[in-house]
Each structure stands twice: as C-alpha cells, then as structure tokens.
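Reading through the structure tokens given below for one structure.
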Amino acid sequence: MSVISPFRIVGVSSIIALLFIVPAQGQEEAPAPNDTVAAEREVLLERVRVVPESGTPVIASEIFVAVDAVGDTLHVPGIAHLSARAIIAPIQEELVARGGRVEIGVDKGGARFTLVAAPDLWHEAMRQLIVALFRDPPADAAVRSERESIANELRVREPNPTDVVTRITDQVVFGDDHPWGMPTAGIAETVERLTTDEVDTYLRTHFLPERALVAVVGPVDPDEIRSFLRPFLGEDESLRTEVESFEPEEEPVRAEYPFITTWITASYLLPPDADFEAIRLMAALITDRFDFGPRSREVYNIRGQVRTFGHGGELRLEIVVPPEHADSWEDRLVTAVRDLGRNVLSPTDFQRAYRQYRGRRLFELLLPEERAAAHIASLRLLHASGVSDDPLPAEISSERLREAAGRLPEPVRVQVGPFSRPGEEDEA
Amino acid sequence: MIFPLILALGLTAPADTAAASSGTAEPAAVIVHRQPAVPVLSLRLSLAVSDPPGYAGAGHLLQHFHDRALRDRVSAAGGRLQYERNPDAVVYTVTGPAAEAGPLTEALLSVLRPPAPSATGRLVVHRELRDERLAEWETAGAHVRTRLRHRLFPDDRPAPGTRTSAARIEDADLAALWNALYDPSRVTVVAVGDVDPEAVRAAFARLPEGRPSALPPEEDLPDETPLAEPQATRGWLGAGYPVTDADPASVSIAARLLGDRLRRLLPEGEISVDHWWTHRGQAMAAVVAVPGPRLGEARRLLDTALKDLGEELEDETVREAGLALRREMLFSSRTPDRMAALIGGFADRTGSADGANRFHGRLREIRRADVEEALREMIESEQVRIDLPPQPLER
C-alpha cells in the first residue's frame, strides 16, 4: 500500500508557513478598517476557549505558547524547556502555598502551562501566571537553579532505554537537523551552557501573548473570563510561526545500541483530518493484542501513543522483544495494523474491546486540567489546519475503525538494539 | 456551597406491605451530585457498620472475596473498582462510562449478598489479610500511626482484623458473617458525575432485605504487641490528642497550623499532622520523623507544641488555614470518584447527606477563639506519645 504522507506534500511545496493563530475564515483578505476591532476580537475569542462546567469544583486552565523547542536562530535544544521552568519557578511556591497548582510541559510545538485553582483564587493566580510568562524578566537565580536541575535530570535519564529510543526515532522521523528531531528537553551539555541573557532574549522574542492559546474549564462565565483575559493576550495581529517541512526515512532504520532487548517502533504520520479517536482505539487494540500473555510470551513491553502536533499528528507503536526475533515481531506488528484496515472486527470482538477502551479513554479526561489540555489540542488543530474536532471522544463503529486504519500510510520503522553479537566484530 | 447540586433523596416512603413482602428494603439515603462535564459516573455504596464483636476484619474479608468477581465485571464495562474498610463503613466505589450505568449498578448491588468463594479463593484471601495486618506494623510511619490509633480509639479494630479475630473469621460461615453485618437501613449510595437523579433513585430504591442474626459474642483483643519489627532509619515520634467536644472544623484548622509550625521548626523532618474523625470520636495525630541527632529537639517541640501554637495564634493565620483547607477540599474532589468519596465519607461519619457542605462552610466561620478552645481541650486531655528511636546499624 502506498499512501502519500501529507508532510511529504508540504516538503515538495517548499517551506510552508503554517499559521498557528488565525481566524477560521477571511484571513487572506485585509479586513475593512471598521471591521478591525471586530476581527481582532474574533481572533482573541478564537484563541480563548471557555467551557463552563457547573459541577466541577475548581477552575483548570491551560496556556499554550506556540514556540519550537530549539529557539529558531539559537537552535539550542532545550531552551524552551529551560525558559518555561525558569520563568515559573519564582511564583510556583507561592501559588502552591495558596492552594493553586502549576504544571509545565513542553512538546514539539510549544510550551504548556496548566493552572488549577479554587474559583476564589483562580483570577489572581492566572494574572500572576500570565504576568510571569509575558512580562517578567527571568530571575538569574531561577535560571541557574533550573538549568542545573534540568542538566542533572537529563544526565540521569540519558541511558534510559525509553528516552534513547525516543531520541533515535525522532531523528529518523523528523531528521537530525529538524527542530523536532532534537530532544525537546535538550541535551545536558547544551542546556548547561545557556545563559540568563539567552533565556531572556528567547522569552522576549518567543513567549508572546499573540502566540498563546488558552482553555479554561470549570464553574465559569465565558463572557467574564474572556473580558478578564483580553487585556493580557494582546491586540496585535496574529504572529505567524513557521514550521519546517521534514522528510522521514523511507527505509527501515537499524540503530546499534547495547541493550539486551530490541526496541521496535512503527511511526505513522497523520494528516490533520485523520480520525484521531478511531486511531486511538486502534492503538489500544494493538497494545492489548501484543501485551505480554500466552500469545506474546516474548514481549517485554508494548506501548501505543497518539499525539497531535496542530497540523497533523503521529501514531507511534513501540514493542520490546528479544533481538533474535525482532524482524519477525516488527512484521507482525505492522501486519496487525494493516489487518485492522482490511477486516472489520466481529460485533462481539469489537464490542468487548470498545467497552474497555471507552472507559480508559474517558478516564484520561477525568481531571479538569486534562480536559483543558484536550481543548488546547483541539484549538491547536483548528488554528493550524482549520480542522475542528471534539475533545470529548464520540462513539466509534467497527467500520469507522477499519476505515481509519485503512487510511494509514506506511510506517517509519526503527529498530534499536544489539545487532552485532559478541565475537562477531572480532571475527569480522 | 461547593456542591450546589446535591440532591439527598431521602427515602421516607410510607410503610409498604407489598415492598416488605418482596424481600427488599430501603437504604438510608441516596445522594446525587451532577458533574456532567464528562460522560462518566461514580457510584459509591457504603454500609455504615462496625464488625461484630470478636470478628474484627469481617467486613474487609467479605470485600476481598467480592473483589475478584466484581473487578472483572466492572472492567468489562470499562470501569474501575475501589474498595476500602474504614472505621465508619464498608465502602465500594465503581467508576465508569455513564453509558454503562446499568451494568455498573448491577455489579455494585451484587456486593449486598454474601460471596461464595472456592476453597482456594479462601486461602488466597486469608493470606492477603495476613499481609495487610503485617503491613500495618512494618514501616515506621504505619507502625506509629497504628499504635496511636490503638491508644486513641481503644474500641476500634484494624480493617484486616487482629490475630485473635483472624482465626474466627477465616473459619466462619460467610453468610453468617454477612447477616451479622448487613442492614439495608445503614446503606448510603452516592452517585456523582453524568447521572440521572431519578434513574439513580429508581436503581437503589430497593435493596435486598437483611436477615439479621448475631454471631456469638467473643472477646476481641487488640494487638498490643507489634506484629512486625518496624524499619526505622530515622527517629519517629507520634503524638495523639483526643478531642471530645471541639468543633471538627476547629480541630482541622489546628492540625493544619500545627503541621505548618512543625515543618518550619524541623525543616529536615517529615511531618504529618492529621485530624482523625470517625463516628467513634475525634483526635489530632502528629507523626514526626527526624534524623537521629534531631530527635531530642523534636521531642521537646512536641512536649509544648499545643501551648506554643496557642500563644502564636493570630486571626489572620486562622483565617488563611481555613481558606487553605476549603481549597484543598475542592482540589481533592475534582473527579467523580473523589467527590463521591468526600460526600460519602462525611455522610458515613456524621449521618448527614449535607455533611461535606456544612463542614466546608464551617471552615470559613472558625475564629481564633474557636481554635484556642480546641487546643485547650487537647492540652487538658490524656495525650498519647509514641517514641520509636532509629535502629542502630550493625557494624
């Protein structure tokens, strides 16, 4: 089966500027002067999603700042991660003492800041967070402290097999020189050399209100929340961010690494209009099927992850097996995915699997902050690609599953493990 | 109010001879709190009873037997099962998709009949309970808490039972154990999430009738001697302060303030100060772990902890502690199962469907004088002290 990857199309068309923050319609024509205020308000409203939930006892919000992990011209992996942690560190303790919680995450497309607070604390805490993100300069002490912490964490994690495999697979899928091919949190040696001035410059040029998307869920009034956030999120025109195209490897890749097992990944790149929910179900079926058991006694671990980037996404399946049977297990994994795209599951099998999957999926959204994160993912998809999706999982049929699996492209295949046996090098 | 949508469906229907003859009975209460943000529901069923005298561990034993069958049924519906035996009640909670409300409800109701395990199943469960009894003593922190509990609540018995009760419950007829425990009028159901109040009411309006029968009373001796040696690399101290009359909200605030104070004064220590509140009474329990060289200082601090705290009290700190506790209640109950646990725990403890709301509101009203009064009562009470020095390492 040959399916053209959407990113390959982007690559052929040379560098495409993908708009991260854009109104859904009418962007190509300059708005009439008397529409400017309305258009900006529309832009602002599109960047802010407020979901009232009357029975939820706290307010959860997520701010997503669209930056790439390596900092454009600086091209230093990990600068976004360090900057995010350094700018939040000074306010974190105080927020926790008052009953708020702030979490930080960085992915391929940007930095995420999640705040959970009681309703009587939320406005003040959110103000504090936004000011820290977009107005405060970084404190030198915070930069030094977080830099040291991150470098230590990275050194500890460096030999971790999961991290090794992720690094190698990212390089294969996105390319060595592509920002996404580099580790999001960076490398200990490069992070250690970052200075407070560099972090300050990065924050002033990248952590901008115009790059922010915000989702708020809880016992809130949407109009009141939008009025509250409007002064903070800026009124300038939306900032365009460019994402370089990338060309994944077409041939399977073998990376030598001194593990005792072999780690196999199959990475499926997804267009923005992919049926992500059906693909999540498919990933769950695959991991359940290959999980250690009577039919899979050799499998040490199996993992499936679906993530969205804004202008598409990725399904990544990972399985850990004995080296001598790695090729066989790789084929079995890819074939199992292919089979789901060819054959509709029997009603009994599908119903049994779907009932369990639905519960697991809903449990991923039990916390209000998880729902805020889901809305941010939906907003990213909407603004980057114009594709609208519902953060809450809808019902899936067996036919829909088959169709989604059938539309998957050929995977990028990577094996990481010991390909030369002891003594073979000497013999050679 | 933090739970504005609570509906306590008090089931006070007039006597119904038809219902009485059908072998069903009404629960104490069905409480519903709608949280429709996600199509998930959490159903918590609690039986507010103590184990029969001499048969400590009976309730928890039955839970273990139900666990296997129940977990598979709930998992097949995409749900999760949690169960616990606390001083107030035997509790089961199932959480899962709202679309599976029917199967989840049936699964939950199945615990209201005695289990029928195989001989192998009985052996496995007996071993699990034995391991739980040991676990209460094995780690230093659990050891200190267990000894504090024994001294503060001498009539309370641990959830997995005691050495003396273990032999009785392991050999007992499970139906007889169940009949000695089960009283439908002591069952409370809490439903939280994407729920239909009327559907919940209808599902739990009629419970299996009880067949009350008492077991021959036996002496129930607490385990005075620890069942296992604690692993203590630091010095561990426990201080328990029984409370009789003080407002529970005052005691909670006092516990919060004491914990903050001790952490400030013993930054190298591991400090927890909890408000223990069950239907048997209240107490404040402080557990402190410090490196050996700081043990003397920690002992001195605990000797005068309450008096010193009382002297330092300020209106502002009392107000802030109450506010922090209110926020923690909200934060900890932001999923359906945790909200159900919060509402149900207060209902079991106080007998009031609105107990959680009242407590939450009361925290705002507590003043310095209220906390001072609570501290005075604790100072005058018969305090309990546990001292566990660090184990010397063999050279």
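By order of appearance in the structure tokens: chains A, B, ..., then residues from 1 within every chain, and ligands from 1 in the order shown.
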Neighbour list for Ala86 (chain A) as a PyMOL selection string, cut-off 8 Å, only C-alpha atoms, skip fewer than 6 positions in-chain: chain A and resi 138-139+142-143+146
List every residue of chain A that has an atom at most 9 Å from any atom of chain B, giving for each one its closest atom pair and the distance in Å to one decimal, counting only C-alpha atoms, sorted by chain and then by ascending residue number, as JSON lines.
```
{"residue": "A:Pro52", "atom": "CA", "partner": "B:Ala37", "partner_atom": "CA", "distance": 8.6}
{"residue": "A:Glu53", "atom": "CA", "partner": "B:Ala37", "partner_atom": "CA", "distance": 5.8}
{"residue": "A:Ser54", "atom": "CA", "partner": "B:Gln35", "partner_atom": "CA", "distance": 7.1}
{"residue": "A:Gly55", "atom": "CA", "partner": "B:Gln35", "partner_atom": "CA", "distance": 4.4}
{"residue": "A:Thr56", "atom": "CA", "partner": "B:Gln35", "partner_atom": "CA", "distance": 6.3}
{"residue": "A:Pro57", "atom": "CA", "partner": "B:Leu330", "partner_atom": "CA", "distance": 5.4}
{"residue": "A:Val58", "atom": "CA", "partner": "B:Leu330", "partner_atom": "CA", "distance": 6.2}
{"residue": "A:Ala97", "atom": "CA", "partner": "B:Ala324", "partner_atom": "CA", "distance": 8.2}
{"residue": "A:Arg98", "atom": "CA", "partner": "B:Ala324", "partner_atom": "CA", "distance": 6.5}
{"residue": "A:Gly99", "atom": "CA", "partner": "B:Arg327", "partner_atom": "CA", "distance": 6.1}
{"residue": "A:Gly100", "atom": "CA", "partner": "B:Arg327", "partner_atom": "CA", "distance": 8.5}
{"residue": "A:Val116", "atom": "CA", "partner": "B:Phe331", "partner_atom": "CA", "distance": 8.0}
{"residue": "A:Ala117", "atom": "CA", "partner": "B:Phe331", "partner_atom": "CA", "distance": 7.3}
{"residue": "A:Ala118", "atom": "CA", "partner": "B:Arg327", "partner_atom": "CA", "distance": 5.6}
{"residue": "A:Pro119", "atom": "CA", "partner": "B:Arg327", "partner_atom": "CA", "distance": 8.7}
{"residue": "A:Asp120", "atom": "CA", "partner": "B:Arg327", "partner_atom": "CA", "distance": 8.7}
{"residue": "A:Leu121", "atom": "CA", "partner": "B:Arg327", "partner_atom": "CA", "distance": 8.7}
{"residue": "A:Gly218", "atom": "CA", "partner": "B:Ala37", "partner_atom": "CA", "distance": 8.8}
{"residue": "A:Arg352", "atom": "CA", "partner": "B:Ala76", "partner_atom": "CA", "distance": 7.2}
{"residue": "A:Ala353", "atom": "CA", "partner": "B:Ala76", "partner_atom": "CA", "distance": 8.6}
{"residue": "A:Tyr354", "atom": "CA", "partner": "B:Gly78", "partner_atom": "CA", "distance": 8.4}
{"residue": "A:Arg355", "atom": "CA", "partner": "B:Gly78", "partner_atom": "CA", "distance": 5.3}
{"residue": "A:Gln356", "atom": "CA", "partner": "B:Gly78", "partner_atom": "CA", "distance": 3.9}
{"residue": "A:Tyr357", "atom": "CA", "partner": "B:Gly78", "partner_atom": "CA", "distance": 6.6}
{"residue": "A:Arg358", "atom": "CA", "partner": "B:Gly78", "partner_atom": "CA", "distance": 6.3}
{"residue": "A:Gly359", "atom": "CA", "partner": "B:Gly78", "partner_atom": "CA", "distance": 4.0}
{"residue": "A:Arg360", "atom": "CA", "partner": "B:Gly78", "partner_atom": "CA", "distance": 6.5}
{"residue": "A:Leu362", "atom": "CA", "partner": "B:Val40", "partner_atom": "CA", "distance": 7.1}
{"residue": "A:Phe363", "atom": "CA", "partner": "B:Gly96", "partner_atom": "CA", "distance": 8.0}
{"residue": "A:Leu365", "atom": "CA", "partner": "B:Val38", "partner_atom": "CA", "distance": 7.2}
{"residue": "A:Leu366", "atom": "CA", "partner": "B:Thr335", "partner_atom": "CA", "distance": 5.7}
{"residue": "A:Leu367", "atom": "CA", "partner": "B:Thr335", "partner_atom": "CA", "distance": 5.7}
{"residue": "A:Pro368", "atom": "CA", "partner": "B:Arg334", "partner_atom": "CA", "distance": 7.1}
{"residue": "A:Arg371", "atom": "CA", "partner": "B:Val38", "partner_atom": "CA", "distance": 8.8}
{"residue": "A:Leu392", "atom": "CA", "partner": "B:Val38", "partner_atom": "CA", "distance": 7.5}
```
Close residues, Ala246 (chain B) itself excluded, 8 Å, only C-alpha atoms, min 2 positions apart in chain, as number ranges by chain: B: 243-244, 248, 250-251, 373-374, 377
From B:Pro389, B:Glu219, B:Tyr55, B:Arg264, residue lying nearest Pro293 (chain B) [only C-alpha atoms]: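 Under the stated criterion, the closest residue is B:Pro389.
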DSSP strand (DSSP E or B) selection over region 81-264 of chain A, as an MDAnalysis selection string: chainID A and resid 101:107 110:117 212:218 253:256 262:264
Counting only C-alpha atoms, the residue of B:Ala369, B:Val94, B:Leu61, B:Leu388 that sits nearest Thr233 (chain B):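 Among the listed residues, B:Leu388 lies closest to Thr233 (chain B).
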Backbone-only DSSP, helix (DSSP H, G or I) members of region 165-335 of chain A, as a ChimeraX atom specification: /A:165-174,179-181,188-192,196-206,209-211,222-232,276-290,323-335
